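A.B. asks: Sharing final17.txt here; it has compact mmCIF, C-alpha atoms (C1' of nucleotides).
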```txt
# COMPACT_ATOMS: atom_id res chain seq x y z
CA MET J 1 -31.93 84.57 -105.43
CA ALA J 2 -30.66 86.43 -108.47
CA SER J 3 -32.90 86.64 -111.50
CA HIS J 4 -32.64 87.60 -115.17
CA VAL J 5 -32.88 91.35 -115.64
CA VAL J 6 -35.20 93.15 -118.05
CA LEU J 7 -34.74 96.63 -119.43
CA THR J 8 -38.17 97.94 -118.45
CA SER J 9 -37.62 97.32 -114.75
CA GLY J 10 -34.36 98.69 -113.47
CA ALA J 11 -32.69 100.94 -116.03
CA LYS J 12 -29.86 101.50 -113.59
CA LEU J 13 -28.70 97.94 -114.13
CA TRP J 14 -28.12 98.59 -117.80
CA ARG J 15 -25.52 100.28 -119.96
CA SER J 16 -25.63 100.76 -123.69
CA LEU J 17 -23.65 101.57 -126.76
CA PRO J 18 -24.75 103.00 -130.10
CA CYS J 19 -25.77 100.27 -132.56
CA LEU J 20 -28.44 100.40 -135.25
CA THR J 21 -30.78 97.44 -135.76
CA SER J 22 -29.79 97.61 -139.42
CA GLU J 23 -26.30 96.57 -138.28
CA LEU J 24 -27.34 94.01 -135.69
CA ARG J 25 -30.42 91.92 -135.01
CA LEU J 26 -29.89 89.99 -131.79
CA ASP J 27 -32.77 87.59 -132.42
CA LEU J 28 -31.35 86.49 -135.77
CA THR J 29 -27.65 86.62 -134.99
CA LEU J 30 -27.83 84.79 -131.66
CA ALA J 31 -30.21 82.05 -132.78
CA CYS J 32 -29.02 81.17 -136.27
CA GLY J 33 -26.57 78.43 -135.31
CA GLN J 34 -23.34 80.37 -134.93
CA SER J 35 -23.18 80.28 -131.17
CA PHE J 36 -25.31 77.72 -129.36
CA ARG J 37 -25.17 79.40 -125.96
CA TRP J 38 -27.72 82.22 -126.07
CA ARG J 39 -31.33 81.92 -124.93
CA GLU J 40 -34.19 84.38 -125.07
CA THR J 41 -34.88 84.72 -121.35
CA ALA J 42 -37.51 87.45 -121.77
CA GLU J 43 -39.03 89.02 -124.84
CA GLY J 44 -36.17 90.51 -126.84
CA HIS J 45 -33.72 89.76 -124.02
CA TRP J 46 -30.89 87.32 -124.73
CA THR J 47 -28.85 85.74 -121.95
CA GLY J 48 -25.64 83.81 -122.44
CA VAL J 49 -21.99 83.41 -121.53
CA MET J 50 -19.30 85.44 -123.25
CA GLY J 51 -15.77 86.08 -122.09
CA GLY J 52 -16.25 84.06 -118.92
CA ARG J 53 -19.23 86.11 -117.75
CA VAL J 54 -22.98 85.95 -117.97
CA TRP J 55 -24.65 88.70 -119.98
CA THR J 56 -28.17 89.75 -120.84
CA LEU J 57 -28.48 91.77 -124.04
CA THR J 58 -31.39 93.63 -125.58
CA GLN J 59 -31.72 96.40 -128.11
CA THR J 60 -33.70 99.46 -129.12
CA ASP J 61 -33.65 101.07 -132.57
CA ASP J 62 -30.28 102.69 -132.18
CA ARG J 63 -28.69 101.19 -129.06
CA LEU J 64 -27.45 97.85 -127.78
CA TRP J 65 -28.14 97.43 -124.06
CA TYR J 66 -26.18 95.11 -121.82
CA HIS J 67 -26.04 93.87 -118.26
CA VAL J 68 -23.21 91.77 -116.86
CA TYR J 69 -23.96 89.61 -113.83
CA THR J 70 -21.43 89.25 -111.02
CA ASN J 71 -20.00 85.76 -110.93
CA GLN J 72 -20.90 83.54 -108.04
CA LYS J 73 -18.09 83.54 -105.51
CA LYS J 74 -16.33 80.35 -104.69
CA ARG J 75 -17.47 79.27 -101.27
CA ARG J 76 -14.80 77.50 -99.37
CA GLY J 77 -14.96 77.20 -95.60
CA ARG J 78 -12.78 80.19 -94.89
CA GLU J 79 -14.62 82.60 -97.05
CA ASN J 80 -17.93 81.69 -95.52
CA ARG J 81 -16.47 82.70 -92.19
CA ALA J 82 -15.10 85.88 -93.69
CA GLU J 83 -18.55 86.85 -94.83
CA GLU J 84 -19.79 86.90 -91.27
CA GLN J 85 -16.93 89.19 -90.33
CA PRO J 86 -16.86 92.12 -92.73
CA GLU J 87 -13.21 92.88 -91.97
CA GLY J 88 -12.23 89.35 -93.01
CA VAL J 89 -10.32 88.20 -96.07
CA PRO J 90 -11.57 89.97 -99.18
CA ASN J 91 -12.87 87.70 -101.93
CA VAL J 92 -11.15 87.18 -105.24
CA GLU J 93 -13.04 89.87 -107.12
CA GLU J 94 -12.14 92.51 -104.57
CA GLU J 95 -8.49 91.49 -104.64
CA ALA J 96 -8.20 92.44 -108.28
CA PRO J 97 -6.70 95.89 -108.86
CA ALA J 98 -9.35 98.48 -108.23
CA VAL J 99 -11.36 99.40 -111.33
CA THR J 100 -13.91 102.15 -111.41
CA ASP J 101 -17.41 101.48 -112.70
CA GLU J 102 -16.55 103.74 -115.58
CA GLN J 103 -13.50 101.70 -116.61
CA GLN J 104 -15.39 98.46 -116.13
CA SER J 105 -18.18 99.64 -118.36
CA THR J 106 -15.74 100.77 -121.04
CA MET J 107 -14.16 97.33 -121.10
CA GLU J 108 -17.54 95.62 -121.34
CA ALA J 109 -18.61 97.81 -124.22
CA GLU J 110 -15.34 97.02 -125.96
CA MET J 111 -15.92 93.29 -125.47
CA LEU J 112 -19.31 93.61 -127.12
CA ARG J 113 -17.97 95.63 -130.04
CA GLU J 114 -15.42 92.90 -130.59
CA TYR J 115 -17.86 90.03 -130.17
CA PHE J 116 -20.27 91.51 -132.70
CA GLN J 117 -17.43 92.92 -134.84
CA LEU J 118 -19.22 96.24 -135.04
CA HIS J 119 -16.30 97.83 -136.88
CA VAL J 120 -17.45 95.90 -139.94
CA LYS J 121 -20.27 97.83 -141.58
CA MET J 122 -22.78 95.20 -142.59
CA GLU J 123 -24.91 97.77 -144.36
CA ASP J 124 -22.06 98.65 -146.73
CA LEU J 125 -21.28 95.01 -147.44
CA CYS J 126 -24.91 94.21 -148.17
CA ARG J 127 -25.38 97.19 -150.44
CA HIS J 128 -22.30 96.15 -152.38
CA TRP J 129 -23.39 92.52 -152.71
CA GLY J 130 -26.98 93.41 -153.39
CA ALA J 131 -26.05 95.62 -156.33
CA ALA J 132 -24.58 92.72 -158.29
CA ASP J 133 -26.77 89.94 -156.90
CA ARG J 134 -30.52 90.28 -157.07
CA HIS J 135 -31.26 87.25 -154.95
CA PHE J 136 -28.96 88.41 -152.21
CA LYS J 137 -30.57 91.85 -152.14
CA ASN J 138 -34.06 90.42 -151.78
CA THR J 139 -32.98 88.19 -148.92
CA ALA J 140 -30.82 90.77 -147.19
CA ASP J 141 -33.67 93.28 -147.24
CA VAL J 142 -35.62 90.95 -144.96
CA PHE J 143 -32.70 89.52 -142.99
CA THR J 144 -31.00 92.80 -142.26
CA GLY J 145 -28.82 92.70 -139.17
CA VAL J 146 -27.48 89.16 -139.35
CA ARG J 147 -23.83 89.48 -138.39
CA MET J 148 -20.85 87.20 -138.01
CA LEU J 149 -19.87 86.79 -134.37
CA ARG J 150 -16.23 86.67 -133.31
CA GLN J 151 -16.39 83.72 -130.94
CA ASP J 152 -13.90 82.18 -128.61
CA PRO J 153 -11.94 79.71 -130.80
CA THR J 154 -12.02 76.83 -128.32
CA GLU J 155 -15.76 77.15 -127.77
CA CYS J 156 -16.32 77.43 -131.50
CA LEU J 157 -14.21 74.39 -132.37
CA PHE J 158 -15.71 72.04 -129.81
CA SER J 159 -19.25 73.26 -130.40
CA PHE J 160 -18.94 72.63 -134.12
CA ILE J 161 -17.50 69.17 -133.63
CA CYS J 162 -20.97 68.50 -132.19
CA THR J 163 -22.76 69.72 -135.32
CA SER J 164 -22.08 66.83 -137.69
CA ASN J 165 -25.17 64.98 -138.81
CA ASN J 166 -27.20 66.93 -136.28
CA HIS J 167 -29.69 69.75 -136.04
CA ILE J 168 -29.54 73.08 -134.28
CA SER J 169 -32.01 72.43 -131.48
CA ARG J 170 -30.25 69.25 -130.42
CA ILE J 171 -26.83 70.87 -130.75
CA GLN J 172 -27.94 73.59 -128.36
CA GLY J 173 -28.93 71.02 -125.78
CA MET J 174 -25.69 69.11 -126.21
CA VAL J 175 -23.51 72.20 -125.81
CA GLU J 176 -25.47 73.17 -122.73
CA ARG J 177 -24.92 69.74 -121.19
CA LEU J 178 -21.25 69.90 -122.15
CA CYS J 179 -20.84 73.14 -120.22
CA GLN J 180 -22.83 71.93 -117.23
CA ALA J 181 -20.80 68.73 -117.01
CA LEU J 182 -17.31 70.13 -117.57
CA GLY J 183 -17.40 73.91 -117.29
CA VAL J 184 -16.81 76.16 -114.30
CA PRO J 185 -20.09 77.37 -112.76
CA LEU J 186 -20.51 81.13 -113.03
CA CYS J 187 -23.85 82.03 -111.49
CA GLN J 188 -27.47 81.01 -111.23
CA LEU J 189 -30.43 83.06 -112.40
CA ASP J 190 -34.03 82.00 -111.80
CA GLN J 191 -33.01 78.35 -111.19
CA THR J 192 -30.92 78.32 -114.35
CA PRO J 193 -27.24 77.60 -113.76
CA TYR J 194 -24.73 79.20 -116.11
CA HIS J 195 -21.32 77.66 -116.75
CA ASP J 196 -18.25 78.75 -118.62
CA PHE J 197 -17.26 76.70 -121.66
CA PRO J 198 -14.97 73.82 -120.61
CA THR J 199 -11.21 74.31 -120.78
CA LEU J 200 -9.06 72.18 -123.05
CA SER J 201 -7.70 70.23 -120.09
CA ALA J 202 -11.22 69.50 -118.83
CA LEU J 203 -12.16 68.23 -122.29
CA ALA J 204 -8.97 66.17 -122.65
CA ASP J 205 -9.48 64.07 -119.53
CA SER J 206 -9.75 60.37 -120.28
CA SER J 207 -13.06 60.08 -118.45
CA VAL J 208 -14.74 62.55 -120.80
CA GLU J 209 -15.71 60.21 -123.64
CA ALA J 210 -17.77 57.90 -121.44
CA ARG J 211 -19.35 60.83 -119.64
CA LEU J 212 -20.40 62.54 -122.86
CA ARG J 213 -21.75 59.29 -124.30
CA ASP J 214 -24.00 59.10 -121.27
CA LEU J 215 -25.11 62.64 -122.05
CA GLY J 216 -26.22 61.65 -125.54
CA PHE J 217 -23.28 62.82 -127.66
CA GLY J 218 -23.02 59.54 -129.55
CA TYR J 219 -19.88 59.04 -131.62
CA ARG J 220 -18.96 62.72 -131.20
CA ALA J 221 -17.93 62.06 -127.61
CA ARG J 222 -14.69 60.46 -128.75
CA TYR J 223 -13.92 63.27 -131.22
CA LEU J 224 -14.26 65.91 -128.51
CA GLN J 225 -11.96 64.20 -126.03
CA GLN J 226 -9.40 63.14 -128.63
CA SER J 227 -9.21 66.54 -130.28
CA ALA J 228 -8.65 68.24 -126.94
CA LYS J 229 -5.96 65.75 -126.00
CA MET J 230 -4.23 66.04 -129.35
CA ILE J 231 -4.13 69.83 -129.14
CA LEU J 232 -2.61 69.81 -125.66
CA ASP J 233 -0.16 66.98 -126.38
CA THR J 234 1.16 68.14 -129.72
CA HIS J 235 0.56 71.90 -129.88
CA GLY J 236 -0.19 73.48 -126.51
CA SER J 237 -3.05 75.40 -124.94
CA GLN J 238 -2.58 78.58 -127.01
CA TRP J 239 -2.50 76.81 -130.37
CA ILE J 240 -6.05 77.50 -131.57
CA GLU J 241 -5.92 81.20 -130.79
CA GLY J 242 -2.59 81.35 -132.59
CA LEU J 243 -4.37 80.29 -135.77
CA ARG J 244 -5.88 83.78 -135.85
CA ARG J 245 -2.50 85.05 -137.04
CA VAL J 246 -2.12 82.43 -139.78
CA PRO J 247 -3.50 82.54 -143.36
CA TYR J 248 -6.93 81.00 -144.00
CA LEU J 249 -5.89 77.85 -145.85
CA GLU J 250 -3.11 77.09 -143.40
CA ALA J 251 -5.43 77.44 -140.41
CA ARG J 252 -8.04 75.32 -142.17
CA GLU J 253 -5.62 72.47 -142.86
CA ALA J 254 -4.27 72.62 -139.31
CA LEU J 255 -7.78 72.20 -137.92
CA ARG J 256 -8.50 69.31 -140.26
CA THR J 257 -5.80 67.22 -138.62
CA LEU J 258 -8.08 66.95 -135.57
CA PRO J 259 -10.49 64.00 -135.25
CA GLY J 260 -14.06 64.99 -136.03
CA VAL J 261 -12.99 68.07 -137.96
CA GLY J 262 -13.56 67.95 -141.71
CA ALA J 263 -13.76 70.70 -144.29
CA LYS J 264 -17.08 72.07 -143.14
CA VAL J 265 -16.36 72.23 -139.41
CA ALA J 266 -12.91 73.69 -140.10
CA ASP J 267 -14.48 76.43 -142.22
CA CYS J 268 -17.01 77.23 -139.49
CA VAL J 269 -14.21 77.65 -136.96
CA CYS J 270 -12.16 79.75 -139.39
CA LEU J 271 -15.10 82.02 -140.21
CA MET J 272 -16.67 82.34 -136.77
CA SER J 273 -13.64 82.54 -134.49
CA LEU J 274 -10.37 82.85 -136.41
CA ASP J 275 -10.90 86.06 -138.40
CA LYS J 276 -11.17 84.36 -141.80
CA PRO J 277 -14.15 86.12 -143.41
CA GLU J 278 -13.48 84.43 -146.74
CA ALA J 279 -14.20 80.97 -145.33
CA VAL J 280 -17.49 79.61 -146.71
CA PRO J 281 -18.82 76.57 -144.84
CA VAL J 282 -20.80 74.46 -147.29
CA ASP J 283 -23.44 72.40 -145.54
CA THR J 284 -26.72 70.97 -146.82
CA HIS J 285 -28.39 74.40 -146.62
CA VAL J 286 -25.68 76.20 -148.56
CA TRP J 287 -25.62 73.45 -151.14
CA GLN J 288 -29.38 73.78 -151.60
CA ILE J 289 -29.03 77.56 -151.82
CA ALA J 290 -26.36 77.24 -154.50
CA LYS J 291 -28.52 74.93 -156.59
CA ARG J 292 -31.92 76.48 -155.96
CA ASP J 293 -31.12 80.18 -155.91
CA TYR J 294 -27.98 80.41 -158.01
CA LYS J 295 -28.71 77.63 -160.48
CA TYR J 296 -25.42 76.12 -159.54
CA ALA J 297 -24.60 73.36 -162.00
CA ALA J 298 -24.47 70.20 -159.96
CA ASP J 299 -24.92 68.42 -163.26
CA ASN J 300 -24.53 64.77 -162.27
CA GLY J 301 -26.99 64.98 -159.37
CA GLN J 302 -24.49 64.28 -156.64
CA LYS J 303 -25.91 62.71 -153.52
CA SER J 304 -23.21 63.99 -151.20
CA LEU J 305 -20.73 66.80 -151.20
CA THR J 306 -17.49 65.58 -152.66
CA ASP J 307 -14.27 67.41 -151.82
CA LYS J 308 -14.24 68.93 -155.27
CA LEU J 309 -17.85 70.05 -155.17
CA TYR J 310 -17.29 71.53 -151.72
CA LYS J 311 -14.35 73.57 -152.96
CA ASP J 312 -16.12 74.65 -156.15
CA ILE J 313 -19.16 75.96 -154.28
CA GLY J 314 -16.95 77.89 -151.86
CA ASP J 315 -14.99 79.35 -154.76
CA PHE J 316 -18.25 80.25 -156.49
CA PHE J 317 -19.40 82.37 -153.55
CA ARG J 318 -15.95 83.86 -153.00
CA LYS J 319 -15.91 84.97 -156.61
CA LEU J 320 -19.43 86.35 -156.29
CA TRP J 321 -18.98 88.22 -152.98
CA GLY J 322 -15.24 88.66 -152.49
CA PRO J 323 -13.13 88.50 -149.33
CA TYR J 324 -16.11 88.66 -146.93
CA ALA J 325 -17.98 85.86 -148.70
CA GLY J 326 -18.46 84.00 -145.42
CA TRP J 327 -20.46 86.91 -144.06
CA GLY J 328 -22.71 86.80 -147.09
CA GLN J 329 -23.17 83.07 -146.67
CA SER J 330 -24.36 83.60 -143.09
CA VAL J 331 -27.19 85.87 -144.23
CA LEU J 332 -28.53 83.37 -146.75
CA PHE J 333 -27.99 80.49 -144.34
CA CYS J 334 -30.03 82.25 -141.69
CA ALA J 335 -32.80 83.00 -144.19
CA ASP J 336 -32.92 79.31 -145.11
CA LEU J 337 -33.64 78.09 -141.58
CA LYS J 338 -37.13 76.74 -140.90
CA LYS J 339 -37.49 78.76 -137.73
CA PHE J 340 -37.16 82.06 -139.60
CA GLN J 341 -39.48 81.33 -142.52
CA ASN J 342 -42.22 83.39 -140.91
CA LEU J 343 -40.19 86.57 -141.47
CA LYS J 344 -40.45 86.20 -145.21
CA GLU J 345 -44.23 86.29 -145.40
CA MET J 346 -44.60 89.42 -143.33
CA GLY J 347 -43.66 91.58 -146.29
CA HIS J 348 -47.06 91.81 -147.96
CA VAL J 349 -49.96 90.98 -145.67
CA LYS J 350 -50.01 90.91 -141.92
CA GLN J 351 -52.25 88.01 -141.00
CA PRO J 352 -53.82 87.88 -137.56
CA LYS J 353 -52.33 85.00 -135.63
CA LYS J 354 -55.64 83.35 -134.77
CA GLU J 355 -55.82 80.90 -137.63
CA LYS J 356 -53.64 77.96 -136.85
CA GLU J 357 -55.26 74.59 -137.46
CA THR J 358 -58.29 75.73 -139.40
CA HIS J 359 -56.57 76.86 -142.58
CA LYS J 360 -53.91 74.23 -142.47
CA ARG J 361 -54.95 72.48 -145.64
CA CYS J 362 -55.20 75.67 -147.60
CA LYS J 363 -52.25 75.47 -149.92
CA LYS J 364 -50.69 78.77 -150.74
CA THR J 365 -48.31 79.08 -153.59
CA LYS J 366 -45.36 80.93 -152.26
CA LYS J 367 -43.09 83.04 -154.32
CA ASP J 368 -39.39 83.07 -153.86
CA PHE J 369 -37.39 86.24 -153.59
CA ASP J 370 -36.84 86.54 -157.28
CA GLY J 371 -40.56 86.48 -157.82
CA ASN J 372 -40.66 82.97 -159.19
CA LYS J 373 -43.40 80.65 -158.05
CA ILE J 374 -42.14 77.73 -156.04
CA LYS J 375 -43.72 74.63 -154.63
CA THR J 376 -44.81 74.53 -151.00
CA GLU J 377 -42.40 72.99 -148.55
CA SER J 378 -44.21 69.66 -148.46
CA GLU J 379 -44.38 69.36 -152.21
CA TYR J 380 -40.75 70.31 -152.51
CA ARG J 381 -39.86 67.64 -149.99
CA LYS J 382 -42.03 65.01 -151.65
CA LYS J 383 -40.30 65.66 -154.90
CA ALA J 384 -36.90 65.39 -153.27
CA LYS J 385 -37.82 62.09 -151.65
CA ILE J 386 -38.97 60.61 -154.91
CA SER J 387 -35.75 61.52 -156.62
CA VAL J 388 -33.78 60.03 -153.74
CA LYS J 389 -35.78 56.83 -154.01
CA LYS J 390 -35.02 56.63 -157.68
CA GLU J 391 -31.35 56.92 -156.92
CA SER J 392 -31.34 54.26 -154.25
CA THR J 393 -33.28 51.70 -156.24
CA LEU J 394 -30.78 51.79 -159.04
C1' DC R 1 -33.30 63.94 -142.20
C1' DA R 2 -30.34 67.19 -139.27
C1' DG R 3 -24.93 73.35 -140.24
C1' DG R 4 -20.57 65.88 -141.73
C1' DT R 5 -16.85 62.82 -140.50
C1' DC R 6 -14.03 58.77 -140.48
C1' DA A 1 -22.35 54.97 -136.64
C1' DC A 2 -25.72 58.34 -131.96
C1' DT A 3 -30.38 60.39 -131.45
C1' DG A 4 -34.69 63.18 -131.53
C1' DG A 5 -37.61 66.96 -133.72
```
If you convert what's in this file into structure tokens, what do you get?

C.D. replies:
Amino acid sequence: MASHVVLTSGAKLWRSLPCLTSELRLDLTLACGQSFRWRETAEGHWTGVMGGRVWTLTQTDDRLWYHVYTNQKKRRGRENRAEEQPEGVPNVEEEAPAVTDEQQSTMEAEMLREYFQLHVKMEDLCRHWGAADRHFKNTADVFTGVRMLRQDPTECLFSFICTSNNHISRIQGMVERLCQALGVPLCQLDQTPYHDFPTLSALADSSVEARLRDLGFGYRARYLQQSAKMILDTHGSQWIEGLRRVPYLEAREALRTLPGVGAKVADCVCLMSLDKPEAVPVDTHVWQIAKRDYKYAADNGQKSLTDKLYKDIGDFFRKLWGPYAGWGQSVLFCADLKKFQNLKEMGHVKQPKKEKETHKRCKKTKKDFDGNKIKTESEYRKKAKISVKKESTL
DNA sequence: CAGGTC
DNA sequence: ACTGG
């Protein structure tokens, strides 16, 4: 049976392209809630589906290494027979016009350059932003290499319909189940099956809502099926990709006509798959960042993001960072995630990992990136809860 | 309460 | 409203 490859055993299976870790950090970029389809299958090795194929990626200081697995062949009766007779009917992959390994590898490298948008120099952008924005510089110095992916628009749209009122770890599981239930199987590695993302027509089928409810999608099940059906019925299968050639605000409003797609999801799709780098998705994290780190005046203590507040915060960051504001947002968003908090403390002292439970009650006062003392997480949360209680008892 | 929406 | 870390 096929298994996940690792770089240290079998260098012949790998190809690479030049790419500095200052431009790309796989661990941050692939696990920060842009795409939900990558898993760390071995230390520093990330396996996922991209462009209808299964890839494992890893990196060294100045190169990005990749391996593409051959898709599992469809096994119908005839082809099984053909396998026993070598001169039999060639399978689908062999029928394709002959491509040399060289050409194949060139295409794969090009797919990766596109997916990671390596033509955009993140280092230049960060230097520019950091010069005028002290907080950004401090964060970007630690979270160097977070990039914006250029995802498939259909996958991006339907994945982000799943994100409302949800958290990343559950979203990952839901997207995985979505692909297993409705996507074409590609191959299996170490007992793990990999599937392509479902097509629009698979998502639009009337049986989909009930099926997804059974898989734990809750009320989002209906949004997924209805959005797919609406796109096919009123626009056609190429509609979403066509939004790449349309101005940001027009694409955003077009997406918002779909059920389950509000301002935030529409901005995520614009930013992460439709080539709109100025789109700034404002979620709870970004709202907190605006208030906490940029002293954004949310004067009347709003409980939820109103349309106006949403627009104002987006405009604030666009004014601060310019036409690639969405890329800047992604760096701070990543730095705000719980799972990456450990990176921040590694700057000063490297603590041995032994102490886990023993020092738990030792409260450390952390400093934020501007050097200001801040409360510990728990205290911060306590405070937030109290203020929420006050609001609700009024 | 979670990368919100109807 | 769904649901689980």

A.B. asks: Go through J:Gly44, J:Phe217, J:Thr58, J:Leu149 and flag the residue nearest A:DA1, using only C-alpha atoms (C1' of nucleotides) for the distances.

C.D. replies: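 When distances to A:DA1 are compared using only C-alpha atoms (C1' of nucleotides), the smallest one comes from J:Phe217.
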
A.B. asks: Using only C-alpha atoms (C1' of nucleotides), determine which residues lie at most 10 Å from stretch 5-12 of chain J, disregarding the query and same-chain residues fewer than 2 positions distant; provide the list as a ChimeraX atom specification.

C.D. replies: /J:2-3,14-15,41-47,55-59,65-69,189

A.B. asks: Quick one: contact table of stretch 310-336 of chain J to chain R, 12 Å max, nearest atom pair and distance in Å to one decimal per residue, counting only C-alpha atoms (C1' of nucleotides), chain and number order, as CSV?

C.D. replies:
```
residue,atom,partner,partner_atom,distance
J:Tyr310,CA,R:DG4,C1',11.9
J:Gln329,CA,R:DG3,C1',11.8
J:Ser330,CA,R:DG3,C1',10.7
J:Phe333,CA,R:DG3,C1',8.8
J:Cys334,CA,R:DG3,C1',10.4
J:Asp336,CA,R:DG3,C1',11.1
```

A.B. asks: May I have the selected residues written with C-alpha atoms, as an mmCIF file, in the coordinates of the input?

C.D. replies:
```cif
data_model
loop_
_atom_site.group_PDB
_atom_site.id
_atom_site.type_symbol
_atom_site.label_atom_id
_atom_site.label_comp_id
_atom_site.auth_asym_id
_atom_site.auth_seq_id
_atom_site.Cartn_x
_atom_site.Cartn_y
_atom_site.Cartn_z
ATOM 1 C CA TYR J 310 -17.290 71.530 -151.720
ATOM 2 C CA GLN J 329 -23.170 83.070 -146.670
ATOM 3 C CA SER J 330 -24.360 83.600 -143.090
ATOM 4 C CA PHE J 333 -27.990 80.490 -144.340
ATOM 5 C CA CYS J 334 -30.030 82.250 -141.690
ATOM 6 C CA ASP J 336 -32.920 79.310 -145.110
#
```

A.B. asks: Atom CA of J:Val286 and atom CA of J:His167 are how many Å apart?

C.D. replies: 14.6 Å

A.B. asks: Please return, as a list in words, all residues of chain J lying within 8 Å of chain R when all atoms listed in the file are considered.

C.D. replies: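 Written out as asked, the residues are Gly33, Thr163, Ser164, Asn165, Asn166, His167, Ile168, Gly260, Val261, Gly262, Lys264, Val265, Asp283, Thr284 and His285 of chain J.
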
A.B. asks: Any chance you can output those residues with C-alpha atoms as a compact mmCIF listing (two decimals), in the frame of the given file?

C.D. replies:
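Result file is result_27.txt:
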```txt
# COMPACT_ATOMS: atom_id res chain seq x y z
CA GLY J 33 -26.57 78.43 -135.31
CA THR J 163 -22.76 69.72 -135.32
CA SER J 164 -22.08 66.83 -137.69
CA ASN J 165 -25.17 64.98 -138.81
CA ASN J 166 -27.20 66.93 -136.28
CA HIS J 167 -29.69 69.75 -136.04
CA ILE J 168 -29.54 73.08 -134.28
CA GLY J 260 -14.06 64.99 -136.03
CA VAL J 261 -12.99 68.07 -137.96
CA GLY J 262 -13.56 67.95 -141.71
CA LYS J 264 -17.08 72.07 -143.14
CA VAL J 265 -16.36 72.23 -139.41
CA ASP J 283 -23.44 72.40 -145.54
CA THR J 284 -26.72 70.97 -146.82
CA HIS J 285 -28.39 74.40 -146.62
```

A.B. asks: Please report the interatomic distance between atom CA of J:Ser16 and atom CA of J:Asp62 in Å with one decimal.

C.D. replies: 9.9 Å

A.B. asks: What does the distance from atom CA of J:Glu253 to atom CA of J:Val269 come to in Å, to one decimal?

C.D. replies: 11.6 Å

A.B. asks: Output as a count of residues only the set of chain J residues within 8 Å of chain A, with distances taken over only C-alpha atoms (C1' of nucleotides).

C.D. replies: 5
